[in-house]
Amino acid sequence: MKQFTLLVVTVLILGAQATPDRSSRIINGHASPLQPYNVYLLYLNANNAGFYGGGSIISTRHVLTAAQNIFGYIRWDIGMGSNIFSQLSAVTSTDATAHPSYNSANKANDIGIVTLPVALVFSSTIQPIGLPPLTSTASPLPLENEQGFVVGFGFTNAASTSQSATLVRSYPRVTANLRCQQFYAITLPLHFCAENNIELSNICNGDLGAGFITDVRGTPTVTGIASLISASCGNTTPSGYTRVESYRQWIYSITLV
């Protein structure tokens, strides 16, 4: 794998091409240590324009992300292996699959998988994250009021003009479905919402696709994918996540994990 130096230049150029409302940040978050499963995902279309988001390594060949980071794009530059942006290692893929029922208008079934051209060699800095069990649990994961965390390299405040130099982490808590439905046209239980109403930390566009991580039977597990945000990312509005457990069989059909 190569270092991400060239990708930094690409992102700065793409920032001028992206639509104005696609500012990206985890606001009021904490500096995060290395999360070996986490990836930075730059997605590009046929005109070499695009934006960036996040994703989670789930096998030697697969990255789990949001379908909105895949649908309409043809190339994915993936950075991994560090919590410092300039030290990310990079691999490029031209093979990705959005869920066949993904709806770009309302973000229904917002889940997708990027397939890597070569198998990753796992190490202390690159590792897969656990997936929910293939068989459905009695109560959908994550549970209401359960706290998880999400990380990203997005902007850290509204005045920022580039991605964060270091990884940032937020600790949202799963809201009641009724509160989620007040903000988003979601289909239960395929989505859930989470928010941090103490520190008021929140995700934004550049963090979409990142994993919502909770503990499942003692194992860190990706139980959500960042999918839905309000127009203003720095307020107390919850963000919406695709519930991974609802798509577990589909993930297996693509990845065999």
# chains A, B, ... in the order shown; residues from 1 in each chain; ligands from 1
$ residues_around --residues "Ile254 in chain A" --least-positions-apart "5" --cutoff "12 Å" --atoms "only C-alpha atoms" --output "list in words"
Ile58, Ser59, Arg61, His62, Val63, Leu64, Asp95, Ala96, Thr97, Ala98, His99, Pro100, Gly112, Ile113, Val114, Thr115, Tyr247, Arg248 and Gln249 of chain A
$ select_by_dssp --residues "range 135-244 of chain A" --states "helix (DSSP H, G or I)" --output "list in words"
Asn177, Leu178, Arg179, Cys180, Gln181, Asn205, Gly206, Asp207 and Val244 of chain A
$ closest_residue --among "A:Val151, A:Pro238, A:Ala210, A:Tyr184" --to "Asn197 in chain A" --atoms "only C-alpha atoms"
A:Pro238
$ closest_residue --among "A:Val150, A:Cys180, A:Ala185, A:Ile57" --to "Asn106 in chain A" --atoms "only C-alpha atoms"
A:Ala185
$ residues_around --residues "range 225-229 of chain A" --least-positions-apart "6" --cutoff "6 Å" --atoms "only C-alpha atoms" --output "PDB file with N, CA, C and O atoms, in the first residue's frame"
ATOM      1  N   LEU A 208     -20.316  10.412   6.712  1.00  0.00           N
ATOM      2  CA  LEU A 208     -21.329   9.436   6.321  1.00  0.00           C
ATOM      3  C   LEU A 208     -20.670   8.152   5.804  1.00  0.00           C
ATOM      4  O   LEU A 208     -19.682   8.202   5.081  1.00  0.00           O
ATOM      5  N   GLY A 209     -21.238   7.032   6.188  1.00  0.00           N
ATOM      6  CA  GLY A 209     -20.648   5.731   5.876  1.00  0.00           C
ATOM      7  C   GLY A 209     -19.840   5.158   7.018  1.00  0.00           C
ATOM      8  O   GLY A 209     -19.514   3.962   7.016  1.00  0.00           O
ATOM      9  N   ALA A 210     -19.495   5.999   8.003  1.00  0.00           N
ATOM     10  CA  ALA A 210     -18.715   5.529   9.143  1.00  0.00           C
ATOM     11  C   ALA A 210     -19.538   4.576  10.005  1.00  0.00           C
ATOM     12  O   ALA A 210     -20.763   4.637  10.042  1.00  0.00           O
ATOM     13  N   GLY A 211     -18.860   3.708  10.729  1.00  0.00           N
ATOM     14  CA  GLY A 211     -19.536   2.717  11.554  1.00  0.00           C
ATOM     15  C   GLY A 211     -19.927   3.249  12.922  1.00  0.00           C
ATOM     16  O   GLY A 211     -19.174   3.993  13.554  1.00  0.00           O
ATOM     17  N   PHE A 212     -21.116   2.870  13.365  1.00  0.00           N
ATOM     18  CA  PHE A 212     -21.566   3.100  14.739  1.00  0.00           C
ATOM     19  C   PHE A 212     -21.211   1.828  15.499  1.00  0.00           C
ATOM     20  O   PHE A 212     -21.719   0.744  15.191  1.00  0.00           O
ATOM     21  N   SER A 239     -28.784  12.106  14.495  1.00  0.00           N
ATOM     22  CA  SER A 239     -28.402  11.624  13.173  1.00  0.00           C
ATOM     23  C   SER A 239     -28.940  10.214  12.983  1.00  0.00           C
ATOM     24  O   SER A 239     -29.169   9.489  13.945  1.00  0.00           O
ATOM     25  N   GLY A 240     -29.164   9.845  11.719  1.00  0.00           N
ATOM     26  CA  GLY A 240     -29.735   8.543  11.416  1.00  0.00           C
ATOM     27  C   GLY A 240     -28.685   7.554  10.940  1.00  0.00           C
ATOM     28  O   GLY A 240     -27.731   7.930  10.244  1.00  0.00           O
ATOM     29  N   TYR A 241     -28.882   6.289  11.292  1.00  0.00           N
ATOM     30  CA  TYR A 241     -27.941   5.224  10.955  1.00  0.00           C
ATOM     31  C   TYR A 241     -28.696   4.044  10.355  1.00  0.00           C
ATOM     32  O   TYR A 241     -29.789   3.687  10.803  1.00  0.00           O
ATOM     33  N   THR A 242     -28.116   3.425   9.344  1.00  0.00           N
ATOM     34  CA  THR A 242     -28.627   2.171   8.820  1.00  0.00           C
ATOM     35  C   THR A 242     -28.332   1.068   9.831  1.00  0.00           C
ATOM     36  O   THR A 242     -27.196   0.947  10.303  1.00  0.00           O
TER      37      THR A 242
END
$ residues_around --residues "Leu131 in chain A" --least-positions-apart "6" --cutoff "10 Å" --atoms "only C-alpha atoms" --output "VMD selection string"
chain A and resid 58 213 216 219 to 224 244 to 245 248 251 257
$ write_last_selection --atoms "N, CA and C atoms" --output "PDB file, in the first residue's frame"
ATOM      1  N   ILE A  58     -14.408  -5.115   7.241  1.00  0.00           N
ATOM      2  CA  ILE A  58     -15.100  -6.275   7.808  1.00  0.00           C
ATOM      3  C   ILE A  58     -14.469  -7.602   7.375  1.00  0.00           C
ATOM      4  N   ILE A 213     -20.325   1.953  16.477  1.00  0.00           N
ATOM      5  CA  ILE A 213     -19.737   0.782  17.125  1.00  0.00           C
ATOM      6  C   ILE A 213     -20.298   0.611  18.533  1.00  0.00           C
ATOM      7  N   VAL A 216     -21.080  -6.038  21.557  1.00  0.00           N
ATOM      8  CA  VAL A 216     -22.028  -7.149  21.438  1.00  0.00           C
ATOM      9  C   VAL A 216     -21.346  -8.398  21.984  1.00  0.00           C
ATOM     10  N   THR A 219     -17.658  -8.096  22.255  1.00  0.00           N
ATOM     11  CA  THR A 219     -16.906  -7.832  21.028  1.00  0.00           C
ATOM     12  C   THR A 219     -17.322  -6.499  20.410  1.00  0.00           C
ATOM     13  N   PRO A 220     -16.378  -5.587  20.131  1.00  0.00           N
ATOM     14  CA  PRO A 220     -16.738  -4.363  19.404  1.00  0.00           C
ATOM     15  C   PRO A 220     -17.341  -4.729  18.048  1.00  0.00           C
ATOM     16  N   THR A 221     -18.509  -4.162  17.747  1.00  0.00           N
ATOM     17  CA  THR A 221     -19.292  -4.587  16.592  1.00  0.00           C
ATOM     18  C   THR A 221     -19.870  -3.374  15.871  1.00  0.00           C
ATOM     19  N   VAL A 222     -19.838  -3.390  14.544  1.00  0.00           N
ATOM     20  CA  VAL A 222     -20.470  -2.319  13.779  1.00  0.00           C
ATOM     21  C   VAL A 222     -21.961  -2.630  13.676  1.00  0.00           C
ATOM     22  N   THR A 223     -22.765  -1.873  14.414  1.00  0.00           N
ATOM     23  CA  THR A 223     -24.207  -2.093  14.438  1.00  0.00           C
ATOM     24  C   THR A 223     -24.973  -1.035  13.653  1.00  0.00           C
ATOM     25  N   GLY A 224     -24.283   0.012  13.206  1.00  0.00           N
ATOM     26  CA  GLY A 224     -24.928   1.047  12.407  1.00  0.00           C
ATOM     27  C   GLY A 224     -23.971   1.659  11.412  1.00  0.00           C
ATOM     28  N   VAL A 244     -27.281  -2.321  10.742  1.00  0.00           N
ATOM     29  CA  VAL A 244     -26.530  -3.368  10.046  1.00  0.00           C
ATOM     30  C   VAL A 244     -27.196  -4.729  10.202  1.00  0.00           C
ATOM     31  N   GLU A 245     -27.703  -5.011  11.378  1.00  0.00           N
ATOM     32  CA  GLU A 245     -28.301  -6.321  11.630  1.00  0.00           C
ATOM     33  C   GLU A 245     -29.401  -6.653  10.623  1.00  0.00           C
ATOM     34  N   ARG A 248     -27.853  -8.286   7.497  1.00  0.00           N
ATOM     35  CA  ARG A 248     -26.766  -9.230   7.751  1.00  0.00           C
ATOM     36  C   ARG A 248     -26.681 -10.332   6.692  1.00  0.00           C
ATOM     37  N   ILE A 251     -25.167  -8.869   3.515  1.00  0.00           N
ATOM     38  CA  ILE A 251     -23.719  -8.726   3.644  1.00  0.00           C
ATOM     39  C   ILE A 251     -23.034 -10.071   3.417  1.00  0.00           C
ATOM     40  N   VAL A 257     -18.891 -13.379   4.930  1.00  0.00           N
ATOM     41  CA  VAL A 257     -18.566 -13.189   6.351  1.00  0.00           C
ATOM     42  C   VAL A 257     -19.798 -12.675   7.081  1.00  0.00           C
TER      43      VAL A 257
END
$ residues_around --residues "Asn145 in chain A" --least-positions-apart "5" --cutoff "8 Å" --atoms "only C-alpha atoms" --output "JSON, numbers by chain"
{"A": [173, 174, 175, 176]}
$ atom_distance --atom1 "CA of Val91 in chain A" --atom2 "CA of Ser170 in chain A"
26.3 Å
$ closest_residue --among "A:Ser253, A:Thr214, A:Phe192, A:Ser139" --to "Tyr171 in chain A" --atoms "only C-alpha atoms"
A:Thr214
$ atom_distance --atom1 "CA of Ala105 in chain A" --atom2 "CA of Ile74 in chain A"
19.9 Å
$ closest_residue --among "A:Pro172, A:Pro189, A:Gly53, A:Pro128" --to "Phe149 in chain A" --atoms "only C-alpha atoms"
A:Pro172
$ closest_residue --among "A:Tyr252, A:Leu167, A:Asn83, A:Thr60" --to "Thr125 in chain A" --atoms "only C-alpha atoms"
A:Asn83
$ residues_around --residues "Gln68 in chain A" --least-positions-apart "2" --cutoff "8 Å" --atoms "only C-alpha atoms" --output "list in words"
Ala66, Ile70, Phe71, Ala98, Ser104, Lys107, Asp110 and Ile111 of chain A
$ residues_around --residues "Ser124 in chain A" --least-positions-apart "4" --cutoff "12 Å" --atoms "only C-alpha atoms" --output "number ranges by chain"
A: 34-37, 80-82, 128
$ closest_residue --among "A:Ala138, A:Ala165, A:Val39, A:Ala49" --to "Ser89 in chain A" --atoms "only C-alpha atoms"
A:Val39
